[in-house]
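Colleague: Below you'll find the structure I mean.
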Amino acid sequence: MINTSLSLTNFRNHHQTDVTWGEHVNIITGPNGAGKTNLIDALHYLCMGRSFTSSSDMYVVRQETSSFLVKGAFRGSIRSSFEVACSYSRGDGKRLWVNDSPLERHADLIGLVPVVLVSPDDRKLTGEGPAERRSFLDALISQTSPSYLDDLIRYRKIIRQRNRLLADIHMHPDQLDLMLEPWDRQLTETGSRIIARRGTLVRKFQSYLEQAHQELAGSGLVPSISYRTFCDIGEEPEPDAGRILQDYRTTLRDSAGRERERRQTLTGPHRDELVFYLNDMELRKFGSQGQHRIFALALKMAQLYFYNDELEDLPVFLLDDVFGDLDPQRTATVMQMLLQHEGQSFITAAHPDKISGFSASGRNRISSFGVSGGRVEQTP
Amino acid sequence: MQLISETLEQAVEQLARLPGMGRKSAQRIAMFLLKQNDEQVFRLSRAISDLKKNIRYCSVCYNITDRDPCPICQSEKRKTGVVCVVEEPKDVYVVERTREFNGRYHVLGGVISPLQNIGPNELRINELIHRIRDGEQIREIILALNPDAEGEATGFYINKLVQPMGVNVTRIAHGIPMGTDLEFIDDATLTRAFAGRQNF
């Protein structure tokens with residue numbers, strides 16, 4: 001998938017910016033605070049319907065204005081050309097369009113333009129709690145499977161409904177059982193499908209992760225991911241959803257007492273954990289900072305390779321400030337990979353000299369842009 | 001800002017409360033009404049106040065109606081043993097438009113949603129049970145609820161109560177709308193249609 005042009009109106013520090021991109025590697029340089037990341041964030045809006053730097057759309061609106069608009073023209077293999085737009089205003093909230101027709105659900109956008117994002121926040125993936133890793137996995141699968149995303153949205157709703165019932169201190173225990181039953185059935189059915197999909201993905205992902213990690217760190221240590229849920233999902237490449245459902249029902253029954261004490265849903269994929277290993281060593285406990293950094297980057301590169309194989313359209317690859325703390329050898333590896341990648345990529349860099357050596361070798365594949373004060377200009 | 005007219009402002013405020021209406025549209029409508037002649041505006045305001053005055057809920061099926069019981073519940077031409085359960089009165093009109101269903105209805109008035117403090121007692125589920133028990137000789141309940149989590153939970157709850165009473169509970173299939181091109185179907189619907197595929 002190629003983003004041919006991008007237009008921002010009142011988006012962060014961009015008053016009105018229109019850019020026409022190159023088909024392969026686009027390098028965006030400029031001083032700190034110039035608006036480089038904002039360009040990538042705008043692309044992220046068109047792919048995922050939200051910002052990756054900001055928790056709320058409200059903060060993305062340019063100061064002293066009340067709404068923003070992002071528009072992008074895309075070229076793909078199934079749809080030869082189409083336009084995606086996203087707007088937000090304080091009164092109307094967020095709206096999404098494809099070819100001028102409004103999308104009813106945010107979820108309908110996901111997967112239309114597949115995207116892989118590398119950002120400084122990736123350090124949370126290996127360093128922070130399980131929620132970060134679950135959301136990486138969910139975003140990874142959702143872009144390849146609308147039905148997974150649908151299950152996920154439904155599952156979260158069921159959990160909220162169910163937790164509300166559990167939190168009702170006035171309800172008689174028998175009454176509570178009767179009220180929970182319709183939700184329990186949906187919880188276990190939807191939840192076991194989610195677990196089976198996660199299990200399948202993690203197993204499939206292993207070889208991609210090994211490849212990416214080897215490119216970055218050499219063949220010394222082998223990375224792996226262990227997927228942990230409340231039940232044993234077996235060793236098959238595709239876990240049996242039927243058996244997981246049986247286990248889920250049993251575990252839910254067994255934990256009924258504890259659930260009523262704690263007043264929340266305790267069993268299910270919302271509590272899953274992904275554990276990262278280098279050989280037999282658990283990364284979170286024993287990994288050095290450098291190992292964390294490379295593991296996180298390898299996860300994202302593996303995501304890119306996985307999509308290359310799995311999807312009809314090559315993903316758009318966004319790299320925000322990835323070279324800041326990377327040594328020259330890894331910088332070279334990443335640049336080499338970008339130059340070989342058939343799809344389109346976007347890189348921001350505050351120090352152009354770090355990558356200037358590659359501009360010569362990949363001249364016909366690299367387009368350079370300079371940003372300052374919310375203005376973008378193509379540089380030779 | 002100086003108010004031009006308090007009367008106008010009140011009308012705009014009331015109009016802006018309507019669903020799908022913003023302040024700007026409300027202003028446009030208020031200005032439009034001002035230009036109409038008295039009779040036209042009076043007809044509109046009477047239609048609105050009659051809405052509340054004359055319309056009531058049918059004491060059998062809880063659809064909205066001018067007279068109780070509603071024409072559908074009174075009709076001799078409709079089959080008595082089959083009841084289609086829907087969420088809202090508007091759903092009755094949707095099913096009626098098909099002219100395929102010749103039974104009667106039961107309007108729940110919503111779906112179970114703990115987050116909105118709506119439980120079975122806030123809906124007309126007990127009334128449905130009474131209809132089955134009090135000799136309407138209902139053989140089949142057709143659940144025509146939305147396929148979201150709340151609709152499913154409500155269907156499940158009703159099924160659990162009604163099935164032991166010897167009533168057959170079915171639900172409408174979900175799938176692809178007729179006359180629609182496959183490429184325009186949203187992914188969720190298409191996925192569900194695949195899951196519910198049938199032999200040719």
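Naming works like this for the structure tokens: A, B, ... for the chains as they're shown, residue 1 at the start of each chain, ligands 1 onward in shown order.
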Residues of chain A near chain B: apply a cut-off of 7 Å, count only C-alpha atoms, and supply the list as number ranges by chain.
Modeller: A: 146-147, 150, 154, 158, 161, 164-165, 182-183
Colleague: Taking the backbone alone, and naming residues the way the document does, which bits of region 99-229 of chain A are helix (DSSP H, G or I) by DSSP, as a ChimeraX atom specification?
Modeller: /A:106-109,120-127,130-142,146-167,173-217
Colleague: Report as a PDB file with all heavy atoms, in the first residue's frame all protein, DNA and RNA residues lying within 7 Å of region 29-32 of chain A, evaluated on only C-alpha atoms, omitting residues in the same chain fewer than 2 positions from it.
Modeller:
```
ATOM      1  N   ILE A  27      12.504   9.994   3.973  1.00  0.00           N
ATOM      2  CA  ILE A  27      13.223  10.421   5.171  1.00  0.00           C
ATOM      3  C   ILE A  27      12.819  11.849   5.507  1.00  0.00           C
ATOM      4  O   ILE A  27      12.883  12.742   4.658  1.00  0.00           O
ATOM      5  CB  ILE A  27      14.750  10.319   4.947  1.00  0.00           C
ATOM      6  CG1 ILE A  27      15.127   8.851   4.690  1.00  0.00           C
ATOM      7  CG2 ILE A  27      15.506  10.856   6.159  1.00  0.00           C
ATOM      8  CD1 ILE A  27      16.580   8.624   4.395  1.00  0.00           C
ATOM      9  N   ALA A  34       9.947  20.444  15.207  1.00  0.00           N
ATOM     10  CA  ALA A  34       9.616  21.022  13.908  1.00  0.00           C
ATOM     11  C   ALA A  34       8.290  20.501  13.357  1.00  0.00           C
ATOM     12  O   ALA A  34       7.630  21.161  12.568  1.00  0.00           O
ATOM     13  CB  ALA A  34      10.737  20.734  12.905  1.00  0.00           C
ATOM     14  N   LYS A  36       8.008  16.774  12.689  1.00  0.00           N
ATOM     15  CA  LYS A  36       8.311  15.546  11.931  1.00  0.00           C
ATOM     16  C   LYS A  36       7.383  14.407  12.363  1.00  0.00           C
ATOM     17  O   LYS A  36       6.732  13.768  11.528  1.00  0.00           O
ATOM     18  CB  LYS A  36       9.766  15.097  12.185  1.00  0.00           C
ATOM     19  CG  LYS A  36      10.824  16.130  11.848  1.00  0.00           C
ATOM     20  CD  LYS A  36      12.215  15.571  12.032  1.00  0.00           C
ATOM     21  CE  LYS A  36      12.551  15.210  13.474  1.00  0.00           C
ATOM     22  NZ  LYS A  36      12.640  16.385  14.382  1.00  0.00           N
ATOM     23  N   THR A 348      11.547   9.414  10.598  1.00  0.00           N
ATOM     24  CA  THR A 348      11.933  10.737  11.068  1.00  0.00           C
ATOM     25  C   THR A 348      13.312  10.642  11.693  1.00  0.00           C
ATOM     26  O   THR A 348      13.658   9.632  12.308  1.00  0.00           O
ATOM     27  CB  THR A 348      10.964  11.271  12.134  1.00  0.00           C
ATOM     28  OG1 THR A 348      11.070  10.442  13.290  1.00  0.00           O
ATOM     29  CG2 THR A 348       9.542  11.265  11.641  1.00  0.00           C
ATOM     30  N   ALA A 349      14.107  11.676  11.525  1.00  0.00           N
ATOM     31  CA  ALA A 349      15.436  11.708  12.135  1.00  0.00           C
ATOM     32  C   ALA A 349      15.817  13.150  12.437  1.00  0.00           C
ATOM     33  O   ALA A 349      15.668  14.035  11.594  1.00  0.00           O
ATOM     34  CB  ALA A 349      16.467  11.077  11.204  1.00  0.00           C
ATOM     35  N   ALA A 350      16.275  13.362  13.674  1.00  0.00           N
ATOM     36  CA  ALA A 350      16.707  14.704  14.033  1.00  0.00           C
ATOM     37  C   ALA A 350      18.127  14.962  13.527  1.00  0.00           C
ATOM     38  O   ALA A 350      18.498  16.099  13.270  1.00  0.00           O
ATOM     39  CB  ALA A 350      16.645  14.884  15.552  1.00  0.00           C
ATOM     40  N   PRO A 352      20.326  14.116  10.496  1.00  0.00           N
ATOM     41  CA  PRO A 352      20.381  13.506   9.164  1.00  0.00           C
ATOM     42  C   PRO A 352      21.726  12.864   8.863  1.00  0.00           C
ATOM     43  O   PRO A 352      21.810  11.925   8.074  1.00  0.00           O
ATOM     44  CB  PRO A 352      20.100  14.677   8.216  1.00  0.00           C
ATOM     45  CG  PRO A 352      20.259  15.919   9.032  1.00  0.00           C
ATOM     46  CD  PRO A 352      20.057  15.550  10.448  1.00  0.00           C
ATOM     47  N   PHE A 369      12.784  14.845   2.872  1.00  0.00           N
ATOM     48  CA  PHE A 369      11.933  15.995   3.177  1.00  0.00           C
ATOM     49  C   PHE A 369      12.490  16.731   4.389  1.00  0.00           C
ATOM     50  O   PHE A 369      12.940  16.098   5.335  1.00  0.00           O
ATOM     51  CB  PHE A 369      10.507  15.539   3.457  1.00  0.00           C
ATOM     52  CG  PHE A 369       9.857  14.860   2.288  1.00  0.00           C
ATOM     53  CD1 PHE A 369      10.051  13.500   2.072  1.00  0.00           C
ATOM     54  CD2 PHE A 369       9.096  15.582   1.378  1.00  0.00           C
ATOM     55  CE1 PHE A 369       9.481  12.869   0.987  1.00  0.00           C
ATOM     56  CE2 PHE A 369       8.520  14.959   0.291  1.00  0.00           C
ATOM     57  CZ  PHE A 369       8.711  13.595   0.081  1.00  0.00           C
ATOM     58  N   GLY A 370      12.459  18.039   4.341  1.00  0.00           N
ATOM     59  CA  GLY A 370      12.875  18.835   5.482  1.00  0.00           C
ATOM     60  C   GLY A 370      11.654  19.500   6.106  1.00  0.00           C
ATOM     61  O   GLY A 370      10.777  19.980   5.393  1.00  0.00           O
ATOM     62  N   VAL A 371      11.607  19.483   7.434  1.00  0.00           N
ATOM     63  CA  VAL A 371      10.475  20.101   8.133  1.00  0.00           C
ATOM     64  C   VAL A 371      11.006  21.173   9.062  1.00  0.00           C
ATOM     65  O   VAL A 371      11.979  20.957   9.779  1.00  0.00           O
ATOM     66  CB  VAL A 371       9.700  19.073   8.984  1.00  0.00           C
ATOM     67  CG1 VAL A 371       8.477  19.718   9.603  1.00  0.00           C
ATOM     68  CG2 VAL A 371       9.308  17.872   8.160  1.00  0.00           C
ATOM     69  N   SER A 372      10.368  22.348   9.018  1.00  0.00           N
ATOM     70  CA  SER A 372      10.661  23.327  10.059  1.00  0.00           C
ATOM     71  C   SER A 372       9.438  24.191  10.289  1.00  0.00           C
ATOM     72  O   SER A 372       8.781  24.613   9.331  1.00  0.00           O
ATOM     73  CB  SER A 372      11.876  24.178   9.686  1.00  0.00           C
ATOM     74  OG  SER A 372      11.543  25.024   8.620  1.00  0.00           O
TER      75      SER A 372
END
```
Colleague: So how many Å separate CA of Val92 (chain B) and CA of Gly166 (chain B), to one decimal?
Modeller: 25.0 Å
Colleague: Considering only C-alpha atoms, return as a PDB file with C-alpha atoms, in the first residue's frame whatever protein or nucleic-acid residues lie within 8 Å of region 56-73 of chain A, sequence-local ones (same chain, fewer than 2 positions apart) excluded.
Modeller:
```
ATOM      1  CA  ASN A   3       0.356   6.744   0.497  1.00  0.00           C
ATOM      2  CA  THR A   4       0.809   9.023  -2.491  1.00  0.00           C
ATOM      3  CA  SER A   5      -0.148  12.281  -0.831  1.00  0.00           C
ATOM      4  CA  LEU A   6      -1.051  13.600   2.571  1.00  0.00           C
ATOM      5  CA  SER A   7      -2.865  16.744   3.613  1.00  0.00           C
ATOM      6  CA  LEU A   8      -3.040  18.149   7.160  1.00  0.00           C
ATOM      7  CA  THR A   9      -5.258  20.981   8.340  1.00  0.00           C
ATOM      8  CA  ASN A  10      -4.823  22.363  11.856  1.00  0.00           C
ATOM      9  CA  PHE A  11      -3.070  19.189  12.887  1.00  0.00           C
ATOM     10  CA  ARG A  12      -0.702  19.920  15.816  1.00  0.00           C
ATOM     11  CA  ASN A  13       1.728  22.567  14.581  1.00  0.00           C
ATOM     12  CA  HIS A  14       0.711  22.134  10.920  1.00  0.00           C
ATOM     13  CA  HIS A  15      -1.631  24.875   9.803  1.00  0.00           C
ATOM     14  CA  ALA A  42      -1.214  11.840  10.748  1.00  0.00           C
ATOM     15  CA  LEU A  43      -0.488   8.749   8.639  1.00  0.00           C
ATOM     16  CA  TYR A  45      -4.565   8.300  12.008  1.00  0.00           C
ATOM     17  CA  LEU A  46      -5.424   7.223   8.474  1.00  0.00           C
ATOM     18  CA  ARG A  50      -6.010   7.300  16.278  1.00  0.00           C
ATOM     19  CA  SER A  51      -2.810   9.008  17.363  1.00  0.00           C
ATOM     20  CA  SER A  54      -1.437  11.294  22.241  1.00  0.00           C
ATOM     21  CA  ARG A  75      -2.768   3.173  -3.946  1.00  0.00           C
ATOM     22  CA  SER A  81      -6.808   4.190  -5.600  1.00  0.00           C
ATOM     23  CA  PHE A  82      -8.801   5.543  -2.711  1.00  0.00           C
ATOM     24  CA  GLU A  83      -8.817   8.357  -0.199  1.00  0.00           C
ATOM     25  CA  VAL A  84      -9.041   8.107   3.585  1.00  0.00           C
ATOM     26  CA  ALA A  85      -9.949  11.107   5.740  1.00  0.00           C
ATOM     27  CA  CYS A  86     -10.177  11.648   9.465  1.00  0.00           C
ATOM     28  CA  SER A  87     -11.512  14.707  11.208  1.00  0.00           C
ATOM     29  CA  TYR A  88     -12.034  15.693  14.791  1.00  0.00           C
ATOM     30  CA  SER A  89     -13.832  18.641  16.284  1.00  0.00           C
ATOM     31  CA  ARG A  90     -14.846  19.386  19.838  1.00  0.00           C
ATOM     32  CA  LYS A  94     -14.042  11.980  15.449  1.00  0.00           C
TER      33      LYS A  94
END
```
Colleague: Mind pulling up the distance from CA of Gly268 (chain A) to CA of Ile194 (chain A)?
Modeller: 9.4 Å
Colleague: For region 98-144 of chain A versus region 337-347 of chain A, which residues have an atom no more than 10 Å away, and what is each residue's nearest atom pair and distance in Å rounded to one decimal, using only C-alpha atoms, chain-then-number order, as a Markdown table?
Modeller:
```
| residue | atom | partner | partner_atom | distance |
| --- | --- | --- | --- | --- |
| A:Val115 | CA | A:Ser345 | CA | 9.7 |
| A:Val116 | CA | A:Ser345 | CA | 9.4 |
| A:Leu117 | CA | A:Phe346 | CA | 9.7 |
| A:Val118 | CA | A:Ile347 | CA | 9.4 |
```
Colleague: Any chance you can output those residues with N, CA, C and O atoms as a tab-separated table (two decimals), in the first residue's frame?
Modeller:
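selection-v2.tsv, written as the output of this step:
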```tsv
chain	number	residue	atom	x	y	z
A	115	VAL	N	-0.44	-1.20	8.72
A	115	VAL	CA	0.65	-0.33	9.15
A	115	VAL	C	1.50	-1.03	10.22
A	115	VAL	O	0.99	-1.83	11.00
A	116	VAL	N	2.80	-0.76	10.19
A	116	VAL	CA	3.69	-1.19	11.27
A	116	VAL	C	4.40	0.06	11.78
A	116	VAL	O	4.94	0.84	10.99
A	117	LEU	N	4.36	0.25	13.08
A	117	LEU	CA	4.93	1.46	13.67
A	117	LEU	C	6.08	1.13	14.62
A	117	LEU	O	5.94	0.29	15.50
A	118	VAL	N	7.21	1.79	14.41
A	118	VAL	CA	8.31	1.71	15.36
A	118	VAL	C	8.43	3.08	16.02
A	118	VAL	O	8.54	4.08	15.32
```
